[in-house]
Amino acid sequence: MPARRLRTLAVATLAPLLAVVTGCSTAAAPAAEAAGEPRSGGALTWAVETEPITLNPHQYAQAKARLLVWNTFESLLTYDKQGKLVPWLATGWQAAPDGLSYTLTLRDGVTFTDGTPLDATAVKTNIDKLREPGYAPGVAAVQLRNLKAVEVVDPRTVRLSLTTPDVLILDFLASPQGAQVSPKSLREAKNLKAGGVDVVGTGPFVLDRYVPGQELHYRRNPGYDWAPPTAAHNGPAHLDEITYRFLKESAVRVGALTSRQVQLVEGVPATDQPLVTANRTLRLTRELNSGSAYSYYFNTSHAPFDDLRVRQAFREAVDVDTVLRSVYRDTATRAWSVISPSSPLYDKSLEGGYGGDAAKANALLDQAGWAARDADGFRVRDGRRLTVRLVQAAPYVRDRRDVLAQAVQAAVKQSAGIDLKIALVDQGTATQAFERNAYEVFDNSRADTDAGAALNLLLHSKGGINRTRANDPRIDQLLESGQGTAEETKRAGIYAQLQQRVVAEQALVLPLYAPADQIAASTSVGGVRFEPTAGVPASAYDLWIGR
Amino acid sequence: MFSSPLRAAARRLAAGLVVLWAAATAAYLALLVAPGDTVDTIVGDGADTPQIRAEIIAEWSLDRPAVVQYLDYLRRLAGGDLGRSYLLQRPVVEVIGEQLAPTLTLALAAAGLGVLLAVVLAVATAGNRRPWLRRASSGAELLLVSTPPFLIGIVLLSVLSFRFGLFPVSGDRGVGALVLPAVTLALPIAGLLAQVLRDGLDRALDEPFVLTARSRGVRERTVLLRHALRHALLPAVTLAGWLFGILLGGAVIVEQVFGRPGLGQVTLTAVTGKDMPVVLAVVTLSAAVYVAVNTIADLTYLLVDPRLRRS
């Protein structure tokens with residue numbers, strides 16, 4: 001896409017200019033006081049990168065929109081810092097001994113902001129709505145796959161019965177898709193799937209203005225009194241109002257922050273981080289996302305990656321640390337497993353186990369029959385070059401993953417003579433390549449709170465995004481028992497075996513980095529934090545403006 | 001019998017409708033042959049199972065033959081129904097309707113400013129009166145025409161908004177927020193238009209009628225503004241269609257940089273997301289405006305050039 005290249009070029013040209021212009025304006029400013037004690041009142045403006053496609057949490061599909069969801073909507077459960085489920089709109093849950101049903105008790109006195117009380121019937125209405133054909137096919141087919149029925153036991157108790165044990169149903173209850181929408185909105189909203197001011201929840205804020213392409217505006221819900229245990233305070237939110245302005249260009253977001261037109265921004269790429277860290281009135285915080293790490297998945301269904309040695313060789317040919325440093329300076333966290341290092345299911349023992357050994361890569365390729373080289377220095381076998389294709393869908397490329405691919409391309413060429421061809425294409429072309437099996441490398445990261453949910457899609461032979469095309473009964477069996485096991489240590493053990501199988505033994509993936517989110521904020525803003533476990537910016541509930 | 005102007009108007013209208021139909025059809029075909037189908041687009045990079053696909057197909061009736069879908073689309077279009085956006089799940093009329101005003105404001109402000117700047121520059125530098133000013137202006141115009149609007153926007157922002165805080169960075173909030181986007185969009189327009197105008201002025205100044213006017217003792221300013229400028233305007237008016245194209249294309253980038261709502265953003269999202277109903281509506285709308293702009297341009301010829309009125 002030429003416009004894209006143009007933009008990159010323009011940013012590259014301008015970075016020094018911006019540094020001069022904005023840098024000197026802020027260096028002279030006096031250091032602000034720390035935000036001090038929490039206090040009530042005031043309005044903030046937050047510049048965000050992504051305008052949500054939908055404001056209906058049931059339709060949620062963008063991790064970048066998660067901070068907006070929790071302003072107006074809430075789920076029955078949520079996660080604490082250690083990745084443990086804790087109550088929110090539900091006060092507790094009880095699993096049946098056979099794992100085939102979950103009984104949840106609901107909190108008393110919770111009302112939607114349209115006055116409707118939250119009771120067992122409302123919860124049932126929400127889940128039944130999700131299973132209605134054509135409403136949320138992705139949720140019905142994946143998260144609610146094993147749900148048999150929802151039953152109202154009494155006004156405060158609801159029971160979910162399953163067709164097979166599935167601990168991920170609890171993850172669903174803690175997810176944006178499982179957030180509770182007022183039954184009145186579900187009945188009457190003008191554009192229910194798009195959401196908007198007429199689709200309301202129980203959250204600490206009320207959405208009162210949406211200007212597409214420009215901003216979202218929320219005001220405080222004065223009656224709010226049911227914060228989750230993970231929040232820093234109770235009762236209504238500190239802020240009177242908060243505005244989220246959509247600014248897609250990172251340089252513009254940071255410029256708006258340094259010139260004090262906004263008080264918070266999210267999404268600060270490596271190139272812009274020095275502008276923030278050099279400024280004493282601003283503070284940069286970052287946190288790793290949960291879910292799966294950003295990895296290259298090798299297509300094992302045909303040559304050359306049907307050969308384990310070639311997959312291992314590709315991994316050995318890349319010095320991941322060097323590649324990450326060249327693209328992200330020192331802001332990226334290397335991933336060693338298909339699971340993000342921030343997840344409780346992460347297997348630390350994989351660290352340092354592979355990678356960055358060019359001699360080993362070359363030896364492996366020689367053994368695999370790719371010993372000869374052509375005029376360009378690429379390896380060949382039976383007259384065919386060792387070419388592997390990476391297909392990236394441009395609309396979903398973030399974190400400069402296209403540039404990262406170029407760095408990997410150079411590395412594998414130089415150290416092992418592998419020809420990595422990168423195609424940056426539109427979504428349709430990419431999907432077509434995947435369906436026609438015309439790719440060898442697939443890149444992906446998923447921000448699911450429970451990494452198991454991501455791995456089910458990516459690694460199970462029948463998974464919705466199984467682009468390794470691996471059909472390994474052992475992997476399937478581990479995934480299934482992981483989904484059916486509630487006991488935590490046992491479950492972590494299963495996923496550790498799974499990671500050993502996928503990463504160490506089978507070399508199905510090359511994990512690259514753990515996706516992270518950044519918040520840059522004025523030091524006068526207090527309560528800036530990330531959502532526990534998910535690792536994305538939290539809602540505005542705990543934010544306050546200091547003196 | 002119709003009188004001749006009425007018939008001309010009817011012919012014009014019919015031709016306009018044909019252009020609209022052709023534009024809508026071409027866009028429809030382009031999206032049809034583009035790789036991947038609508039279901040792929042709606043699935044996106046999320047989970048992809050046969051069950052999910054079946055539900056999407058059922059929801060949007062995508063199992064009908066392409067011809068049937070096309071005819072159904074035309075039938076609904078004729079009835080003024082633009083359909084529902086695949087991605088945004090809202091009626092297209094609503095999606096486009098709420099974004100129309102900000103884009104129109106921006107386009108009119110940019111076009112007005114661009115034309116004004118171009119006329120001032122061209123009139124001030126035509127002929128051989130001030131060679132140094134002419135060279136400087138010509139160089140600046142070339143620079144503006146060849147600089148991507150993205151760059152102009154970022155430079156203006158970082159200096160006037162981030163550094164000196166004169167204008168707000170974003171949004172559609174009053175005149176202050178309109179200045180930078182409008183200037184960004186107007187500068188390349190002014191650059192090219194000034195070149196064309198000056199060229200026209202130079203040629204007109206060489207014509208015998210200018211000599212006649214001068215010999216009658218008409219002042220130089222009057223010669224320029226009353227006689228030469230009218231001649232020079234003709235080729236510039238022809239550029240009206242081009243101007244419209246630049247405005248729409250530039251709006252995509254300017255709206256993105258300045259976080260302004262508008263059709264440009266909608267178009268970009270819709271095209272990258274292959275959101276057929278929105279793309280088709282934007283194309284049809286653009287074609288309609290294009291037809292209108294060119295009709296106005298044709299009428300302007302008559303106004304500018306008395307010779308055309310006689311024929």
# chains A, B, ... in the order shown; residues from 1 in each chain; ligands from 1

$ select_by_dssp --residues "segment 130-241 of chain A" --states "strand (DSSP E)" --output "VMD selection string"
chain A and resid 147 to 154 157 to 162 205 to 211 215 to 220 241

$ write_last_selection --atoms "N, CA and C atoms" --output "compact mmCIF listing (two decimals), in the first residue's frame"
# COMPACT_ATOMS: atom_id res chain seq x y z
N LEU A 147 -22.13 -24.98 26.10
CA LEU A 147 -23.23 -24.59 26.98
C LEU A 147 -24.51 -25.29 26.54
N LYS A 148 -25.18 -25.93 27.52
CA LYS A 148 -26.43 -26.62 27.17
C LYS A 148 -27.62 -25.71 27.44
N ALA A 149 -27.69 -25.17 28.65
CA ALA A 149 -28.85 -24.34 28.99
C ALA A 149 -28.53 -23.41 30.15
N VAL A 150 -29.33 -22.34 30.23
CA VAL A 150 -29.22 -21.41 31.35
C VAL A 150 -30.54 -21.49 32.10
N GLU A 151 -30.44 -21.62 33.42
CA GLU A 151 -31.65 -21.86 34.20
C GLU A 151 -31.71 -20.84 35.34
N VAL A 152 -32.87 -20.23 35.51
CA VAL A 152 -33.07 -19.29 36.62
C VAL A 152 -33.52 -20.10 37.83
N VAL A 153 -32.64 -20.21 38.84
CA VAL A 153 -32.98 -21.01 40.02
C VAL A 153 -33.87 -20.19 40.95
N ASP A 154 -33.45 -18.98 41.24
CA ASP A 154 -34.28 -18.00 41.94
C ASP A 154 -33.78 -16.64 41.47
N THR A 157 -30.07 -16.37 41.71
CA THR A 157 -29.24 -17.53 41.39
C THR A 157 -29.50 -18.00 39.96
N VAL A 158 -28.41 -18.25 39.26
CA VAL A 158 -28.56 -18.72 37.89
C VAL A 158 -27.61 -19.91 37.69
N ARG A 159 -28.07 -20.91 36.93
CA ARG A 159 -27.26 -22.11 36.73
C ARG A 159 -27.00 -22.33 35.25
N LEU A 160 -25.71 -22.53 34.92
CA LEU A 160 -25.31 -22.83 33.55
C LEU A 160 -24.99 -24.31 33.47
N SER A 161 -25.68 -25.06 32.63
CA SER A 161 -25.32 -26.47 32.49
C SER A 161 -24.63 -26.68 31.15
N LEU A 162 -23.65 -27.60 31.19
CA LEU A 162 -22.77 -27.81 30.03
C LEU A 162 -22.95 -29.20 29.46
N PHE A 205 -19.80 4.43 34.51
CA PHE A 205 -20.03 5.59 33.65
C PHE A 205 -21.20 5.30 32.72
N VAL A 206 -21.77 6.40 32.20
CA VAL A 206 -22.85 6.30 31.23
C VAL A 206 -22.37 6.97 29.95
N LEU A 207 -22.48 6.27 28.84
CA LEU A 207 -22.12 6.87 27.56
C LEU A 207 -23.22 7.84 27.17
N ASP A 208 -22.89 9.13 27.04
CA ASP A 208 -23.96 10.06 26.66
C ASP A 208 -23.72 10.75 25.32
N ARG A 209 -22.56 10.53 24.71
CA ARG A 209 -22.36 11.14 23.39
C ARG A 209 -21.37 10.32 22.59
N TYR A 210 -21.71 10.01 21.37
CA TYR A 210 -20.79 9.34 20.47
C TYR A 210 -20.77 10.12 19.17
N VAL A 211 -19.63 10.70 18.82
CA VAL A 211 -19.48 11.38 17.54
C VAL A 211 -18.56 10.50 16.69
N GLU A 215 -15.09 11.21 18.78
CA GLU A 215 -14.93 10.97 20.22
C GLU A 215 -16.11 10.24 20.84
N LEU A 216 -15.85 9.73 22.05
CA LEU A 216 -16.87 9.15 22.91
C LEU A 216 -16.86 9.96 24.20
N HIS A 217 -18.01 10.26 24.74
CA HIS A 217 -18.07 11.05 25.97
C HIS A 217 -18.91 10.32 27.01
N TYR A 218 -18.34 10.17 28.22
CA TYR A 218 -19.03 9.47 29.29
C TYR A 218 -19.21 10.42 30.48
N ARG A 219 -20.32 10.24 31.20
CA ARG A 219 -20.44 10.93 32.48
C ARG A 219 -20.65 9.89 33.58
N ARG A 220 -20.36 10.32 34.82
CA ARG A 220 -20.38 9.41 35.95
C ARG A 220 -21.77 8.87 36.22
N GLU A 241 -16.58 13.44 34.30
CA GLU A 241 -16.72 13.15 32.86
C GLU A 241 -15.40 12.66 32.31

$ interface_residues --of "chain A" --to "chain B" --cutoff "6 Å" --atoms "only C-alpha atoms" --output "ChimeraX atom specification"
/A:10,53,134,137,193-194,213-214,246-247,255,259,428-429,432,464-465

$ write_last_selection --atoms "N, CA and C atoms" --output "mmCIF file, in the first residue's frame"
data_model
loop_
_atom_site.group_PDB
_atom_site.id
_atom_site.type_symbol
_atom_site.label_atom_id
_atom_site.label_comp_id
_atom_site.auth_asym_id
_atom_site.auth_seq_id
_atom_site.Cartn_x
_atom_site.Cartn_y
_atom_site.Cartn_z
ATOM 1 N N ALA A 10 7.194 9.617 5.841
ATOM 2 C CA ALA A 10 6.950 10.948 6.395
ATOM 3 C C ALA A 10 7.289 10.980 7.882
ATOM 4 N N ILE A 53 -15.320 -0.680 16.481
ATOM 5 C CA ILE A 53 -16.269 -0.995 15.413
ATOM 6 C C ILE A 53 -17.669 -1.048 15.989
ATOM 7 N N GLY A 134 -27.429 -15.522 14.262
ATOM 8 C CA GLY A 134 -27.165 -14.271 13.564
ATOM 9 C C GLY A 134 -26.789 -13.127 14.487
ATOM 10 N N PRO A 137 -22.352 -14.868 16.140
ATOM 11 C CA PRO A 137 -21.968 -16.227 15.744
ATOM 12 C C PRO A 137 -20.626 -16.665 16.334
ATOM 13 N N LYS A 193 -26.642 -4.252 17.386
ATOM 14 C CA LYS A 193 -25.307 -4.823 17.174
ATOM 15 C C LYS A 193 -24.228 -3.747 17.119
ATOM 16 N N ALA A 194 -24.605 -2.530 16.756
ATOM 17 C CA ALA A 194 -23.631 -1.441 16.721
ATOM 18 C C ALA A 194 -23.453 -0.817 18.102
ATOM 19 N N GLY A 213 -15.956 8.899 14.374
ATOM 20 C CA GLY A 213 -14.784 9.509 13.768
ATOM 21 C C GLY A 213 -14.120 10.520 14.678
ATOM 22 N N GLN A 214 -14.736 10.881 15.788
ATOM 23 C CA GLN A 214 -14.156 11.912 16.636
ATOM 24 C C GLN A 214 -14.003 11.500 18.104
ATOM 25 N N PHE A 246 -10.466 9.923 19.287
ATOM 26 C CA PHE A 246 -9.787 8.977 18.393
ATOM 27 C C PHE A 246 -8.702 9.699 17.607
ATOM 28 N N LEU A 247 -7.428 9.381 17.874
ATOM 29 C CA LEU A 247 -6.315 9.949 17.116
ATOM 30 C C LEU A 247 -5.465 8.789 16.621
ATOM 31 N N GLY A 255 1.927 14.311 20.432
ATOM 32 C CA GLY A 255 1.960 15.770 20.320
ATOM 33 C C GLY A 255 0.828 16.411 21.104
ATOM 34 N N SER A 259 1.498 18.857 24.324
ATOM 35 C CA SER A 259 0.974 20.228 24.293
ATOM 36 C C SER A 259 -0.249 20.362 25.200
ATOM 37 N N GLY A 428 -9.011 -9.827 2.329
ATOM 38 C CA GLY A 428 -9.572 -10.836 1.430
ATOM 39 C C GLY A 428 -8.481 -11.710 0.823
ATOM 40 N N THR A 429 -7.429 -11.071 0.316
ATOM 41 C CA THR A 429 -6.321 -11.811 -0.292
ATOM 42 C C THR A 429 -5.666 -12.731 0.730
ATOM 43 N N GLN A 432 -7.854 -15.716 1.436
ATOM 44 C CA GLN A 432 -7.800 -16.615 0.289
ATOM 45 C C GLN A 432 -6.517 -17.457 0.317
ATOM 46 N N GLY A 464 -10.401 -22.861 15.003
ATOM 47 C CA GLY A 464 -10.830 -21.905 13.986
ATOM 48 C C GLY A 464 -9.683 -21.203 13.278
ATOM 49 N N ILE A 465 -8.496 -21.150 13.883
ATOM 50 C CA ILE A 465 -7.354 -20.492 13.236
ATOM 51 C C ILE A 465 -6.149 -21.442 13.273
#

$ residues_around --residues "Ser349 of chain A" --least-positions-apart "3" --cutoff "12 Å" --atoms "only C-alpha atoms" --output "count of residues only"
14

$ residues_around --residues "Ala65 of chain A" --least-positions-apart "6" --cutoff "8 Å" --atoms "only C-alpha atoms" --output "compact mmCIF listing (two decimals) with all heavy atoms, in the first residue's frame"
# COMPACT_ATOMS: atom_id res chain seq x y z
N THR A 50 -7.74 3.55 18.57
CA THR A 50 -8.72 2.79 17.79
C THR A 50 -10.14 3.22 18.09
O THR A 50 -10.54 3.28 19.25
CB THR A 50 -8.57 1.29 18.10
OG1 THR A 50 -7.21 0.94 17.91
CG2 THR A 50 -9.44 0.46 17.19
N GLU A 51 -10.89 3.52 17.05
CA GLU A 51 -12.31 3.75 17.22
C GLU A 51 -13.00 2.39 17.18
O GLU A 51 -12.79 1.62 16.24
CB GLU A 51 -12.85 4.63 16.08
CG GLU A 51 -14.35 4.81 16.17
CD GLU A 51 -14.86 5.89 15.22
OE1 GLU A 51 -14.06 6.46 14.47
OE2 GLU A 51 -16.07 6.16 15.27
N PRO A 52 -13.78 2.06 18.22
CA PRO A 52 -14.37 0.72 18.21
C PRO A 52 -15.34 0.53 17.05
O PRO A 52 -16.06 1.47 16.68
CB PRO A 52 -15.11 0.64 19.55
CG PRO A 52 -15.17 2.01 20.08
CD PRO A 52 -14.15 2.84 19.39

$ residues_around --residues "segment 121-135 of chain B" --least-positions-apart "6" --cutoff "10 Å" --atoms "only C-alpha atoms" --output "ChimeraX atom specification"
/B:115,141,190-191,193-206,221,224-225,228-229,232

$ residues_around --residues "Pro188 of chain B" --least-positions-apart "5" --cutoff "8 Å" --atoms "only C-alpha atoms" --output "NGL selection string"
:B and (114 or 141 or 144-147 or 149)

$ write_last_selection --atoms "C-alpha atoms" --output "CSV table (one decimal), in the first residue's frame"
chain,number,residue,atom,x,y,z
B,114,GLY,CA,-7.2,27.2,-2.2
B,141,GLU,CA,3.9,26.1,-5.6
B,144,LEU,CA,3.4,22.3,-2.2
B,145,VAL,CA,2.1,20.3,-5.2
B,146,SER,CA,4.8,17.6,-4.7
B,147,THR,CA,4.6,17.4,-0.9
B,149,PRO,CA,-0.6,16.3,2.4

$ atom_distance --atom1 "atom CA of Tyr296 of chain A" --atom2 "atom CA of Arg389 of chain A"
11.3 Å

$ closest_residue --among "A:Lys84, A:Lys348, A:Arg311, A:Arg107" --to "Thr202 of chain A" --atoms "only C-alpha atoms"
A:Arg107

$ select_by_dssp --residues "segment 44-272 of chain B" --states "alpha helix (DSSP H)" --output "mmCIF file with C-alpha atoms, in the first residue's frame"
data_model
loop_
_atom_site.group_PDB
_atom_site.id
_atom_site.type_symbol
_atom_site.label_atom_id
_atom_site.label_comp_id
_atom_site.auth_asym_id
_atom_site.auth_seq_id
_atom_site.Cartn_x
_atom_site.Cartn_y
_atom_site.Cartn_z
ATOM 1 C CA PRO B 50 -18.261 -23.552 9.205
ATOM 2 C CA GLN B 51 -20.968 -22.779 11.773
ATOM 3 C CA ILE B 52 -19.899 -19.120 12.016
ATOM 4 C CA ARG B 53 -19.763 -18.847 8.245
ATOM 5 C CA ALA B 54 -23.210 -20.375 7.832
ATOM 6 C CA GLU B 55 -24.716 -17.861 10.236
ATOM 7 C CA ILE B 56 -23.112 -14.917 8.458
ATOM 8 C CA ILE B 57 -24.308 -16.166 5.080
ATOM 9 C CA ALA B 58 -27.818 -16.580 6.395
ATOM 10 C CA GLU B 59 -27.852 -13.161 8.049
ATOM 11 C CA TRP B 60 -26.869 -11.241 4.931
ATOM 12 C CA ALA B 66 -24.122 -12.459 -7.502
ATOM 13 C CA VAL B 67 -26.449 -11.239 -10.275
ATOM 14 C CA VAL B 68 -29.474 -11.463 -8.019
ATOM 15 C CA GLN B 69 -27.638 -9.604 -5.253
ATOM 16 C CA TYR B 70 -26.592 -6.948 -7.752
ATOM 17 C CA LEU B 71 -30.098 -6.452 -9.133
ATOM 18 C CA ASP B 72 -31.522 -6.392 -5.633
ATOM 19 C CA TYR B 73 -28.926 -3.763 -4.750
ATOM 20 C CA LEU B 74 -29.872 -1.601 -7.761
ATOM 21 C CA ARG B 75 -33.570 -1.960 -6.954
ATOM 22 C CA ARG B 76 -33.007 -0.826 -3.390
ATOM 23 C CA LEU B 77 -30.686 1.966 -4.518
ATOM 24 C CA ALA B 78 -33.373 3.274 -6.869
ATOM 25 C CA VAL B 92 -25.549 3.193 5.615
ATOM 26 C CA VAL B 93 -27.693 6.320 5.323
ATOM 27 C CA GLU B 94 -26.989 6.967 8.990
ATOM 28 C CA VAL B 95 -23.250 6.208 8.743
ATOM 29 C CA ILE B 96 -22.778 8.539 5.801
ATOM 30 C CA GLY B 97 -25.352 11.121 6.827
ATOM 31 C CA GLU B 98 -23.668 11.962 10.108
ATOM 32 C CA GLN B 99 -20.259 12.273 8.408
ATOM 33 C CA LEU B 100 -21.379 14.368 5.471
ATOM 34 C CA ALA B 101 -21.475 17.764 7.161
ATOM 35 C CA PRO B 102 -17.900 17.724 8.594
ATOM 36 C CA THR B 103 -16.483 16.682 5.222
ATOM 37 C CA LEU B 104 -18.526 19.277 3.333
ATOM 38 C CA THR B 105 -17.389 22.003 5.709
ATOM 39 C CA LEU B 106 -13.784 20.941 5.319
ATOM 40 C CA ALA B 107 -14.022 20.627 1.527
ATOM 41 C CA LEU B 108 -15.716 23.988 1.039
ATOM 42 C CA ALA B 109 -13.302 25.761 3.344
ATOM 43 C CA ALA B 110 -10.307 24.144 1.649
ATOM 44 C CA ALA B 111 -11.612 24.774 -1.867
ATOM 45 C CA GLY B 112 -12.447 28.402 -1.085
ATOM 46 C CA LEU B 113 -9.105 29.031 0.527
ATOM 47 C CA GLY B 114 -7.230 27.194 -2.235
ATOM 48 C CA VAL B 115 -8.939 29.120 -5.038
ATOM 49 C CA LEU B 116 -8.484 32.431 -3.264
ATOM 50 C CA LEU B 117 -4.800 31.792 -2.664
ATOM 51 C CA ALA B 118 -4.295 30.648 -6.260
ATOM 52 C CA VAL B 119 -5.981 33.731 -7.745
ATOM 53 C CA VAL B 120 -4.025 36.090 -5.529
ATOM 54 C CA LEU B 121 -0.731 34.361 -6.315
ATOM 55 C CA ALA B 122 -1.371 34.154 -10.050
ATOM 56 C CA VAL B 123 -2.540 37.735 -10.426
ATOM 57 C CA ALA B 124 0.343 39.032 -8.345
ATOM 58 C CA THR B 125 2.968 37.153 -10.327
ATOM 59 C CA PRO B 131 10.478 38.255 -11.850
ATOM 60 C CA TRP B 132 11.873 37.489 -8.359
ATOM 61 C CA LEU B 133 8.403 37.165 -6.811
ATOM 62 C CA ARG B 134 7.331 35.036 -9.727
ATOM 63 C CA ARG B 135 10.257 32.665 -9.277
ATOM 64 C CA ALA B 136 9.720 32.389 -5.542
ATOM 65 C CA SER B 137 5.993 31.802 -5.900
ATOM 66 C CA SER B 138 6.490 29.265 -8.665
ATOM 67 C CA GLY B 139 9.034 27.371 -6.593
ATOM 68 C CA ALA B 140 6.776 27.365 -3.540
ATOM 69 C CA GLU B 141 3.853 26.115 -5.625
ATOM 70 C CA LEU B 142 5.919 23.255 -7.001
ATOM 71 C CA LEU B 143 6.986 22.326 -3.499
ATOM 72 C CA LEU B 144 3.382 22.334 -2.249
ATOM 73 C CA VAL B 145 2.128 20.280 -5.161
ATOM 74 C CA SER B 146 4.799 17.643 -4.669
ATOM 75 C CA PRO B 149 -0.606 16.337 2.428
ATOM 76 C CA PHE B 150 0.273 14.045 5.337
ATOM 77 C CA LEU B 151 3.605 15.789 5.720
ATOM 78 C CA ILE B 152 2.091 19.260 5.414
ATOM 79 C CA GLY B 153 -0.456 18.340 8.074
ATOM 80 C CA ILE B 154 2.102 16.983 10.532
ATOM 81 C CA VAL B 155 4.393 20.000 10.088
ATOM 82 C CA LEU B 156 1.527 22.436 10.604
ATOM 83 C CA GLY B 174 -15.733 25.127 15.728
ATOM 84 C CA VAL B 175 -13.666 27.313 13.470
ATOM 85 C CA GLY B 176 -10.397 26.929 15.377
ATOM 86 C CA ALA B 177 -10.267 23.214 14.727
ATOM 87 C CA LEU B 178 -11.059 23.745 11.047
ATOM 88 C CA VAL B 179 -8.109 26.037 10.273
ATOM 89 C CA LEU B 180 -5.247 23.536 10.147
ATOM 90 C CA PRO B 181 -7.072 20.782 8.239
ATOM 91 C CA ALA B 182 -8.423 23.299 5.721
ATOM 92 C CA VAL B 183 -5.003 24.872 5.174
ATOM 93 C CA THR B 184 -3.409 21.439 4.784
ATOM 94 C CA LEU B 185 -5.908 20.518 2.123
ATOM 95 C CA ALA B 186 -5.897 23.962 0.442
ATOM 96 C CA LEU B 187 -2.142 24.334 -0.069
ATOM 97 C CA PRO B 188 -1.648 21.665 -2.772
ATOM 98 C CA ILE B 189 -4.789 22.911 -4.521
ATOM 99 C CA ALA B 190 -3.517 26.470 -4.464
ATOM 100 C CA GLY B 191 -0.158 25.277 -5.791
ATOM 101 C CA LEU B 192 -1.476 23.623 -8.905
ATOM 102 C CA LEU B 193 -4.289 26.045 -9.576
ATOM 103 C CA ALA B 194 -1.924 29.016 -9.346
ATOM 104 C CA GLN B 195 0.361 27.449 -11.945
ATOM 105 C CA VAL B 196 -2.514 26.867 -14.354
ATOM 106 C CA LEU B 197 -3.958 30.329 -13.780
ATOM 107 C CA ARG B 198 -0.641 32.078 -14.224
ATOM 108 C CA ASP B 199 -0.014 30.197 -17.433
ATOM 109 C CA GLY B 200 -3.448 31.263 -18.697
ATOM 110 C CA LEU B 201 -2.829 34.860 -17.650
ATOM 111 C CA ASP B 202 0.534 34.901 -19.434
ATOM 112 C CA ARG B 203 -1.029 33.635 -22.623
ATOM 113 C CA ALA B 204 -3.937 36.077 -22.385
ATOM 114 C CA LEU B 205 -1.528 38.963 -21.823
ATOM 115 C CA PRO B 208 -3.964 41.308 -29.312
ATOM 116 C CA PHE B 209 -7.013 42.318 -27.264
ATOM 117 C CA VAL B 210 -4.758 43.097 -24.320
ATOM 118 C CA LEU B 211 -2.679 45.355 -26.566
ATOM 119 C CA THR B 212 -5.908 47.028 -27.699
ATOM 120 C CA ALA B 213 -7.046 47.517 -24.129
ATOM 121 C CA ARG B 214 -3.711 48.915 -23.104
ATOM 122 C CA SER B 215 -3.646 51.242 -26.092
ATOM 123 C CA GLU B 220 -2.822 47.512 -15.887
ATOM 124 C CA ARG B 221 -4.857 46.182 -12.945
ATOM 125 C CA THR B 222 -8.067 46.421 -14.938
ATOM 126 C CA LEU B 229 -8.302 36.767 -15.830
ATOM 127 C CA ARG B 230 -11.536 35.843 -17.578
ATOM 128 C CA HIS B 231 -9.553 34.122 -20.289
ATOM 129 C CA ALA B 232 -7.319 32.391 -17.824
ATOM 130 C CA LEU B 233 -10.297 31.128 -15.831
ATOM 131 C CA LEU B 234 -11.525 28.774 -18.556
ATOM 132 C CA PRO B 235 -8.814 26.123 -18.161
ATOM 133 C CA ALA B 236 -8.978 26.559 -14.397
ATOM 134 C CA VAL B 237 -12.733 25.871 -14.344
ATOM 135 C CA THR B 238 -12.066 22.689 -16.297
ATOM 136 C CA ALA B 240 -13.125 21.641 -11.044
ATOM 137 C CA GLY B 241 -13.592 17.886 -11.422
ATOM 138 C CA TRP B 242 -9.955 17.326 -10.536
ATOM 139 C CA LEU B 243 -10.328 19.637 -7.582
ATOM 140 C CA PHE B 244 -13.192 17.530 -6.270
ATOM 141 C CA GLY B 245 -11.067 14.385 -6.598
ATOM 142 C CA ILE B 246 -8.221 16.003 -4.660
ATOM 143 C CA LEU B 247 -10.602 17.133 -1.936
ATOM 144 C CA LEU B 248 -12.059 13.667 -1.441
ATOM 145 C CA GLY B 249 -8.680 11.928 -1.598
ATOM 146 C CA GLY B 250 -7.034 14.518 0.617
ATOM 147 C CA ALA B 251 -9.859 14.293 3.134
ATOM 148 C CA VAL B 252 -8.946 10.651 3.794
ATOM 149 C CA ILE B 253 -5.480 11.638 4.967
ATOM 150 C CA VAL B 254 -6.320 14.947 6.586
ATOM 151 C CA GLU B 255 -9.161 13.452 8.605
ATOM 152 C CA GLN B 256 -6.890 10.677 9.774
ATOM 153 C CA VAL B 257 -4.091 13.016 10.860
ATOM 154 C CA PHE B 258 -6.362 15.503 12.587
ATOM 155 C CA LEU B 263 -16.421 10.696 4.798
ATOM 156 C CA GLY B 264 -12.707 10.158 4.178
ATOM 157 C CA GLN B 265 -12.352 8.078 7.329
ATOM 158 C CA VAL B 266 -15.540 6.193 6.571
ATOM 159 C CA THR B 267 -14.333 5.447 3.049
ATOM 160 C CA LEU B 268 -10.928 4.250 4.201
ATOM 161 C CA THR B 269 -12.378 1.898 6.811
ATOM 162 C CA ALA B 270 -14.990 0.630 4.387
ATOM 163 C CA VAL B 271 -12.530 -0.059 1.559
ATOM 164 C CA THR B 272 -9.949 -1.804 3.736
#

$ closest_residue --among "A:Gln180, A:Thr523, A:Asn146, A:Gln82" --to "Thr121 of chain A" --atoms "only C-alpha atoms"
A:Gln180

$ closest_residue --among "B:Ala292, B:Leu82, B:Arg226, B:Tyr301" --to "Ala24 of chain B" --atoms "only C-alpha atoms"
B:Leu82
